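Next comes model.txt, a file with compact mmCIF, N, CA and C atoms.
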# COMPACT_ATOMS: atom_id res chain seq x y z
N MET X 25 91.99 123.50 132.17
CA MET X 25 92.31 122.60 131.07
C MET X 25 93.73 122.09 131.20
N THR X 26 94.11 121.73 132.37
CA THR X 26 95.43 121.19 132.61
C THR X 26 95.62 119.89 131.83
N GLY X 27 96.75 119.76 131.17
CA GLY X 27 97.04 118.54 130.42
C GLY X 27 96.48 118.50 129.01
N TRP X 28 95.77 119.52 128.62
CA TRP X 28 95.23 119.54 127.26
C TRP X 28 96.31 120.03 126.30
N LYS X 29 96.23 119.59 125.05
CA LYS X 29 97.22 119.98 124.06
C LYS X 29 96.54 120.36 122.74
N THR X 30 97.23 121.16 121.97
CA THR X 30 96.72 121.55 120.66
C THR X 30 97.19 120.55 119.62
N CYS X 31 96.25 120.05 118.86
CA CYS X 31 96.53 119.11 117.77
C CYS X 31 95.88 119.63 116.51
N LEU X 32 96.00 118.88 115.45
CA LEU X 32 95.31 119.23 114.20
C LEU X 32 94.28 118.15 113.88
N ARG X 33 93.10 118.59 113.55
CA ARG X 33 92.05 117.69 113.07
C ARG X 33 92.14 117.74 111.55
N VAL X 34 92.27 116.58 110.94
CA VAL X 34 92.45 116.50 109.49
C VAL X 34 91.27 115.75 108.89
N GLU X 35 90.73 116.29 107.82
CA GLU X 35 89.66 115.64 107.07
C GLU X 35 90.13 115.48 105.63
N LEU X 36 90.07 114.25 105.15
CA LEU X 36 90.42 113.97 103.76
C LEU X 36 89.13 113.61 103.04
N GLU X 37 88.74 114.41 102.09
CA GLU X 37 87.52 114.16 101.32
C GLU X 37 87.90 113.43 100.04
N VAL X 38 87.37 112.22 99.88
CA VAL X 38 87.70 111.40 98.71
C VAL X 38 86.45 110.64 98.25
N ASP X 39 86.53 110.03 97.07
CA ASP X 39 85.47 109.15 96.62
C ASP X 39 85.49 107.87 97.44
N ALA X 40 84.35 107.26 97.64
CA ALA X 40 84.23 106.05 98.46
C ALA X 40 85.16 104.94 98.00
N VAL X 41 85.36 104.81 96.69
CA VAL X 41 86.21 103.73 96.18
C VAL X 41 87.69 103.94 96.53
N GLN X 42 88.05 105.13 97.02
CA GLN X 42 89.44 105.43 97.36
C GLN X 42 89.73 105.34 98.86
N VAL X 43 88.71 105.08 99.67
CA VAL X 43 88.88 105.11 101.12
C VAL X 43 89.92 104.09 101.59
N GLU X 44 89.85 102.87 101.13
CA GLU X 44 90.79 101.84 101.58
C GLU X 44 92.23 102.24 101.25
N GLN X 45 92.44 102.78 100.07
CA GLN X 45 93.78 103.24 99.67
C GLN X 45 94.27 104.35 100.59
N VAL X 46 93.39 105.29 100.94
CA VAL X 46 93.76 106.39 101.83
C VAL X 46 94.04 105.87 103.24
N GLU X 47 93.22 104.93 103.73
CA GLU X 47 93.45 104.36 105.06
C GLU X 47 94.82 103.67 105.13
N THR X 48 95.15 102.90 104.12
CA THR X 48 96.45 102.23 104.09
C THR X 48 97.59 103.25 104.10
N ARG X 49 97.42 104.31 103.35
CA ARG X 49 98.46 105.35 103.23
C ARG X 49 98.66 106.09 104.55
N ILE X 50 97.56 106.52 105.21
CA ILE X 50 97.73 107.29 106.44
C ILE X 50 98.26 106.40 107.58
N GLU X 51 97.89 105.13 107.57
CA GLU X 51 98.43 104.23 108.59
C GLU X 51 99.94 104.07 108.41
N ALA X 52 100.40 103.97 107.17
CA ALA X 52 101.83 103.86 106.89
C ALA X 52 102.58 105.13 107.31
N LEU X 53 101.89 106.26 107.32
CA LEU X 53 102.50 107.54 107.71
C LEU X 53 102.49 107.78 109.21
N GLY X 54 101.86 106.88 109.98
CA GLY X 54 101.89 107.00 111.43
C GLY X 54 100.59 107.39 112.10
N VAL X 55 99.52 107.51 111.33
CA VAL X 55 98.22 107.80 111.94
C VAL X 55 97.71 106.51 112.58
N THR X 56 97.32 106.59 113.85
CA THR X 56 96.96 105.38 114.59
C THR X 56 95.45 105.20 114.76
N SER X 57 94.67 106.24 114.55
CA SER X 57 93.22 106.08 114.65
C SER X 57 92.53 107.10 113.74
N TRP X 58 91.40 106.70 113.19
CA TRP X 58 90.63 107.55 112.29
C TRP X 58 89.21 107.03 112.21
N ILE X 59 88.33 107.85 111.65
CA ILE X 59 86.97 107.41 111.36
C ILE X 59 86.66 107.79 109.92
N VAL X 60 85.73 107.08 109.33
CA VAL X 60 85.29 107.36 107.96
C VAL X 60 83.81 107.72 108.02
N LEU X 61 83.48 108.88 107.48
CA LEU X 61 82.11 109.37 107.47
C LEU X 61 81.60 109.45 106.05
N SER X 62 80.37 109.04 105.86
CA SER X 62 79.76 109.07 104.54
C SER X 62 79.02 110.38 104.34
N ALA X 63 79.23 111.00 103.21
CA ALA X 63 78.52 112.23 102.88
C ALA X 63 77.17 111.88 102.26
N HIS X 64 76.14 112.60 102.65
CA HIS X 64 74.80 112.35 102.16
C HIS X 64 74.50 113.14 100.89
N SER X 65 74.87 114.41 100.89
CA SER X 65 74.65 115.27 99.73
C SER X 65 75.55 116.48 99.84
N GLY X 66 75.58 117.27 98.78
CA GLY X 66 76.42 118.45 98.81
C GLY X 66 76.41 119.19 97.49
N ARG X 67 77.35 120.08 97.36
CA ARG X 67 77.49 120.86 96.13
C ARG X 67 78.97 121.01 95.85
N SER X 68 79.35 120.85 94.62
CA SER X 68 80.74 121.03 94.20
C SER X 68 80.75 121.88 92.94
N SER X 69 81.91 122.00 92.33
CA SER X 69 81.99 122.77 91.09
C SER X 69 81.18 122.13 89.97
N ASP X 70 80.85 120.85 90.13
CA ASP X 70 80.02 120.15 89.16
C ASP X 70 78.52 120.33 89.43
N GLY X 71 78.17 121.02 90.51
CA GLY X 71 76.77 121.24 90.86
C GLY X 71 76.36 120.43 92.08
N ARG X 72 75.06 120.45 92.39
CA ARG X 72 74.53 119.73 93.54
C ARG X 72 74.55 118.23 93.26
N TRP X 73 74.73 117.45 94.32
CA TRP X 73 74.70 116.01 94.19
C TRP X 73 74.06 115.40 95.43
N SER X 74 73.62 114.17 95.30
CA SER X 74 73.00 113.47 96.41
C SER X 74 73.22 111.98 96.24
N ARG X 75 73.26 111.25 97.35
CA ARG X 75 73.41 109.80 97.30
C ARG X 75 72.11 109.13 96.92
N ALA X 76 71.01 109.84 96.97
CA ALA X 76 69.71 109.25 96.68
C ALA X 76 69.73 108.59 95.30
N GLY X 77 69.39 107.33 95.27
CA GLY X 77 69.32 106.60 94.01
C GLY X 77 70.63 106.04 93.51
N GLN X 78 71.76 106.33 94.20
CA GLN X 78 73.04 105.78 93.76
C GLN X 78 73.11 104.30 94.10
N VAL X 79 73.53 103.51 93.15
CA VAL X 79 73.64 102.07 93.35
C VAL X 79 75.07 101.67 93.69
N THR X 80 76.05 102.35 93.11
CA THR X 80 77.46 102.00 93.33
C THR X 80 78.16 103.09 94.15
N ALA X 81 79.37 102.80 94.59
CA ALA X 81 80.16 103.75 95.37
C ALA X 81 80.82 104.82 94.49
N SER X 82 80.77 104.64 93.18
CA SER X 82 81.39 105.58 92.28
C SER X 82 80.76 106.97 92.44
N GLY X 83 81.59 107.95 92.71
CA GLY X 83 81.11 109.32 92.87
C GLY X 83 80.61 109.65 94.25
N ARG X 84 80.45 108.66 95.13
CA ARG X 84 80.01 108.92 96.50
C ARG X 84 81.19 109.47 97.29
N ARG X 85 80.99 110.57 97.97
CA ARG X 85 82.07 111.22 98.71
C ARG X 85 82.09 110.75 100.16
N MET X 86 83.30 110.65 100.71
CA MET X 86 83.51 110.21 102.08
C MET X 86 84.54 111.14 102.74
N LEU X 87 84.50 111.20 104.06
CA LEU X 87 85.52 111.92 104.82
C LEU X 87 86.27 110.93 105.68
N VAL X 88 87.59 110.94 105.57
CA VAL X 88 88.45 110.19 106.48
C VAL X 88 88.96 111.23 107.47
N VAL X 89 88.63 111.05 108.75
CA VAL X 89 88.89 112.08 109.76
C VAL X 89 89.82 111.53 110.84
N PHE X 90 90.85 112.32 111.19
CA PHE X 90 91.76 111.92 112.25
C PHE X 90 92.38 113.16 112.90
N THR X 91 92.91 112.97 114.11
CA THR X 91 93.57 114.04 114.85
C THR X 91 95.03 113.64 115.04
N ILE X 92 95.93 114.59 114.75
CA ILE X 92 97.37 114.31 114.83
C ILE X 92 98.09 115.44 115.55
N THR X 93 99.31 115.16 115.96
CA THR X 93 100.15 116.17 116.58
C THR X 93 100.70 117.12 115.51
N PRO X 94 101.04 118.34 115.91
CA PRO X 94 101.64 119.26 114.94
C PRO X 94 102.90 118.68 114.30
N ALA X 95 103.65 117.88 115.04
CA ALA X 95 104.88 117.29 114.50
C ALA X 95 104.59 116.37 113.32
N LEU X 96 103.48 115.65 113.38
CA LEU X 96 103.13 114.73 112.29
C LEU X 96 102.41 115.45 111.14
N ALA X 97 101.87 116.63 111.42
CA ALA X 97 101.07 117.34 110.42
C ALA X 97 101.84 117.66 109.15
N GLU X 98 103.05 118.13 109.28
CA GLU X 98 103.84 118.49 108.10
C GLU X 98 104.14 117.26 107.26
N THR X 99 104.45 116.16 107.91
CA THR X 99 104.72 114.91 107.20
C THR X 99 103.49 114.46 106.41
N ILE X 100 102.34 114.52 107.06
CA ILE X 100 101.08 114.11 106.42
C ILE X 100 100.79 115.02 105.22
N ARG X 101 100.90 116.32 105.43
CA ARG X 101 100.63 117.27 104.34
C ARG X 101 101.53 117.03 103.15
N ASP X 102 102.84 116.93 103.41
CA ASP X 102 103.79 116.75 102.31
C ASP X 102 103.57 115.42 101.59
N ALA X 103 103.24 114.37 102.34
CA ALA X 103 103.06 113.05 101.75
C ALA X 103 101.75 112.92 100.98
N LEU X 104 100.71 113.62 101.39
CA LEU X 104 99.40 113.43 100.79
C LEU X 104 98.97 114.51 99.80
N GLN X 105 99.65 115.62 99.78
CA GLN X 105 99.23 116.74 98.95
C GLN X 105 99.05 116.35 97.48
N ASP X 106 100.07 115.77 96.87
CA ASP X 106 99.98 115.38 95.46
C ASP X 106 98.97 114.25 95.25
N GLU X 107 98.91 113.34 96.22
CA GLU X 107 97.99 112.22 96.11
C GLU X 107 96.53 112.70 96.15
N MET X 108 96.24 113.67 96.97
CA MET X 108 94.87 114.20 97.04
C MET X 108 94.49 114.89 95.74
N VAL X 109 95.43 115.58 95.12
CA VAL X 109 95.17 116.20 93.82
C VAL X 109 94.85 115.11 92.79
N ARG X 110 95.65 114.05 92.79
CA ARG X 110 95.44 112.94 91.85
C ARG X 110 94.10 112.26 92.08
N LEU X 111 93.68 112.16 93.33
CA LEU X 111 92.42 111.50 93.66
C LEU X 111 91.22 112.45 93.61
N ASN X 112 91.45 113.69 93.17
CA ASN X 112 90.40 114.70 93.16
C ASN X 112 89.82 114.87 94.56
N GLY X 113 90.72 114.81 95.56
CA GLY X 113 90.31 114.92 96.95
C GLY X 113 90.70 116.25 97.54
N GLU X 114 90.29 116.45 98.78
CA GLU X 114 90.59 117.68 99.50
C GLU X 114 91.23 117.33 100.84
N ILE X 115 92.16 118.17 101.29
CA ILE X 115 92.71 118.07 102.64
C ILE X 115 92.23 119.29 103.40
N ILE X 116 91.54 119.06 104.51
CA ILE X 116 91.08 120.14 105.37
C ILE X 116 91.72 119.89 106.73
N ALA X 117 92.37 120.91 107.29
CA ALA X 117 93.01 120.76 108.60
C ALA X 117 92.75 122.02 109.43
N TYR X 118 92.48 121.81 110.71
CA TYR X 118 92.25 122.93 111.60
C TYR X 118 92.67 122.54 113.01
N PRO X 119 93.10 123.52 113.81
CA PRO X 119 93.57 123.22 115.17
C PRO X 119 92.41 122.88 116.10
N VAL X 120 92.66 121.93 116.99
CA VAL X 120 91.70 121.55 118.03
C VAL X 120 92.47 121.33 119.33
N THR X 121 91.78 121.39 120.44
CA THR X 121 92.38 121.13 121.74
C THR X 121 91.84 119.80 122.25
N THR X 122 92.75 118.90 122.63
CA THR X 122 92.34 117.57 123.08
C THR X 122 92.99 117.25 124.43
N PRO X 123 92.34 116.37 125.20
CA PRO X 123 92.93 115.99 126.47
C PRO X 123 94.13 115.07 126.28

Please rewrite the model in this file as structure tokens.
Amino acid sequence: MTGWKTCLRVELEVDAVQVEQVETRIEALGVTSWIVLSAHSGRSSDGRWSRAGQVTASGRRMLVVFTITPALAETIRDALQDEMVRLNGEIIAYPVTTP
């Protein structure tokens, strides 16, 4: 695994209507690439939920996923922590090895 490095994979779980705001924010913080994944169903403290039958994006959960260097991780965490609480979102981060 010559040339591989340890980075952090970050997942921001937010409502669909907040995705554009989150994308703008992470780009301003130096994130250069990400993907957005749509959640199909799940369970939260409010109980089970599903996208089945939903007409609007309200309440639909999405994941904004990106990989960053450890040096950028602290900046991202500090900048987004309060914002994620305000947006009723979650920050999930875990180490990964990338080429």

Report task. Determine which residues of chain X receive a DSSP assignment of strand (DSSP E or B), computed from the backbone, and state them as a count of residues only. Result -> 40

Report summary line: The residue from X:Val46, X:Ala40, X:Val34, X:Val89 with the smallest atom-to-atom distance to X:Trp58, counting only N, CA and C atoms, is X:Val89

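The gap separating atom C of X:Pro123 from atom C of X:Lys29 is 6.8 Å, in Å to one decimal.
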
Report task. Mind checking which residues fall within 9 Å of X:Glu114, counting only C-alpha atoms, ignoring those fewer than 4 positions away in the same chain, and posting them as a ChimeraX atom specification? Result -> /X:35-38,105,108-109

Can I get the selection written as a short mmCIF file (atom, residue, chain, number, x, y, z; two decimals), in the frame of the given file, with N, CA and C atoms?
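So the final result, stored in out.cif, reads:
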data_model
loop_
_atom_site.label_atom_id
_atom_site.label_comp_id
_atom_site.auth_asym_id
_atom_site.auth_seq_id
_atom_site.Cartn_x
_atom_site.Cartn_y
_atom_site.Cartn_z
N GLU X 35 90.73 116.29 107.82
CA GLU X 35 89.66 115.64 107.07
C GLU X 35 90.13 115.48 105.63
N LEU X 36 90.07 114.25 105.15
CA LEU X 36 90.42 113.97 103.76
C LEU X 36 89.13 113.61 103.04
N GLU X 37 88.74 114.41 102.09
CA GLU X 37 87.52 114.16 101.32
C GLU X 37 87.90 113.43 100.04
N VAL X 38 87.37 112.22 99.88
CA VAL X 38 87.70 111.40 98.71
C VAL X 38 86.45 110.64 98.25
N GLN X 105 99.65 115.62 99.78
CA GLN X 105 99.23 116.74 98.95
C GLN X 105 99.05 116.35 97.48
N MET X 108 96.24 113.67 96.97
CA MET X 108 94.87 114.20 97.04
C MET X 108 94.49 114.89 95.74
N VAL X 109 95.43 115.58 95.12
CA VAL X 109 95.17 116.20 93.82
C VAL X 109 94.85 115.11 92.79
#

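You can rank X:Ile92, X:Leu87, X:Ala103, X:Ile116 by their closest distance to X:Val43 using only N, CA and C atoms, and at the top of that list sits X:Leu87.
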
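The set of residues in stretch 27-101 of chain X assigned to helix (DSSP H, G or I) by DSSP, using only backbone atoms of this structure, is X:Ala40, X:Val41, X:Gln42, X:Val43, X:Glu44, X:Gln45, X:Val46, X:Glu47, X:Thr48, X:Arg49, X:Ile50, X:Glu51, X:Ala52, X:Pro94, X:Ala95, X:Leu96, X:Ala97, X:Glu98, X:Thr99, X:Ile100, X:Arg101.
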
6 Å per side around stretch 64-73 of chain X: axis-aligned box centre and edge lengths, as AutoDock Vina command-line options:
--center_x 78.0 --center_y 117.6 --center_z 95.9 --size_x 19.9 --size_y 22.4 --size_z 25.5

Query raised in the report: What does the distance between atom N of X:Thr99 and atom N of X:Gln42 come to in Å, to one decimal place?
Result: 22.6 Å

Query raised in the report: What is the distance between atom CA of X:Leu32 and atom CA of X:Ala117, in Å to one decimal?
Result: 6.2 Å
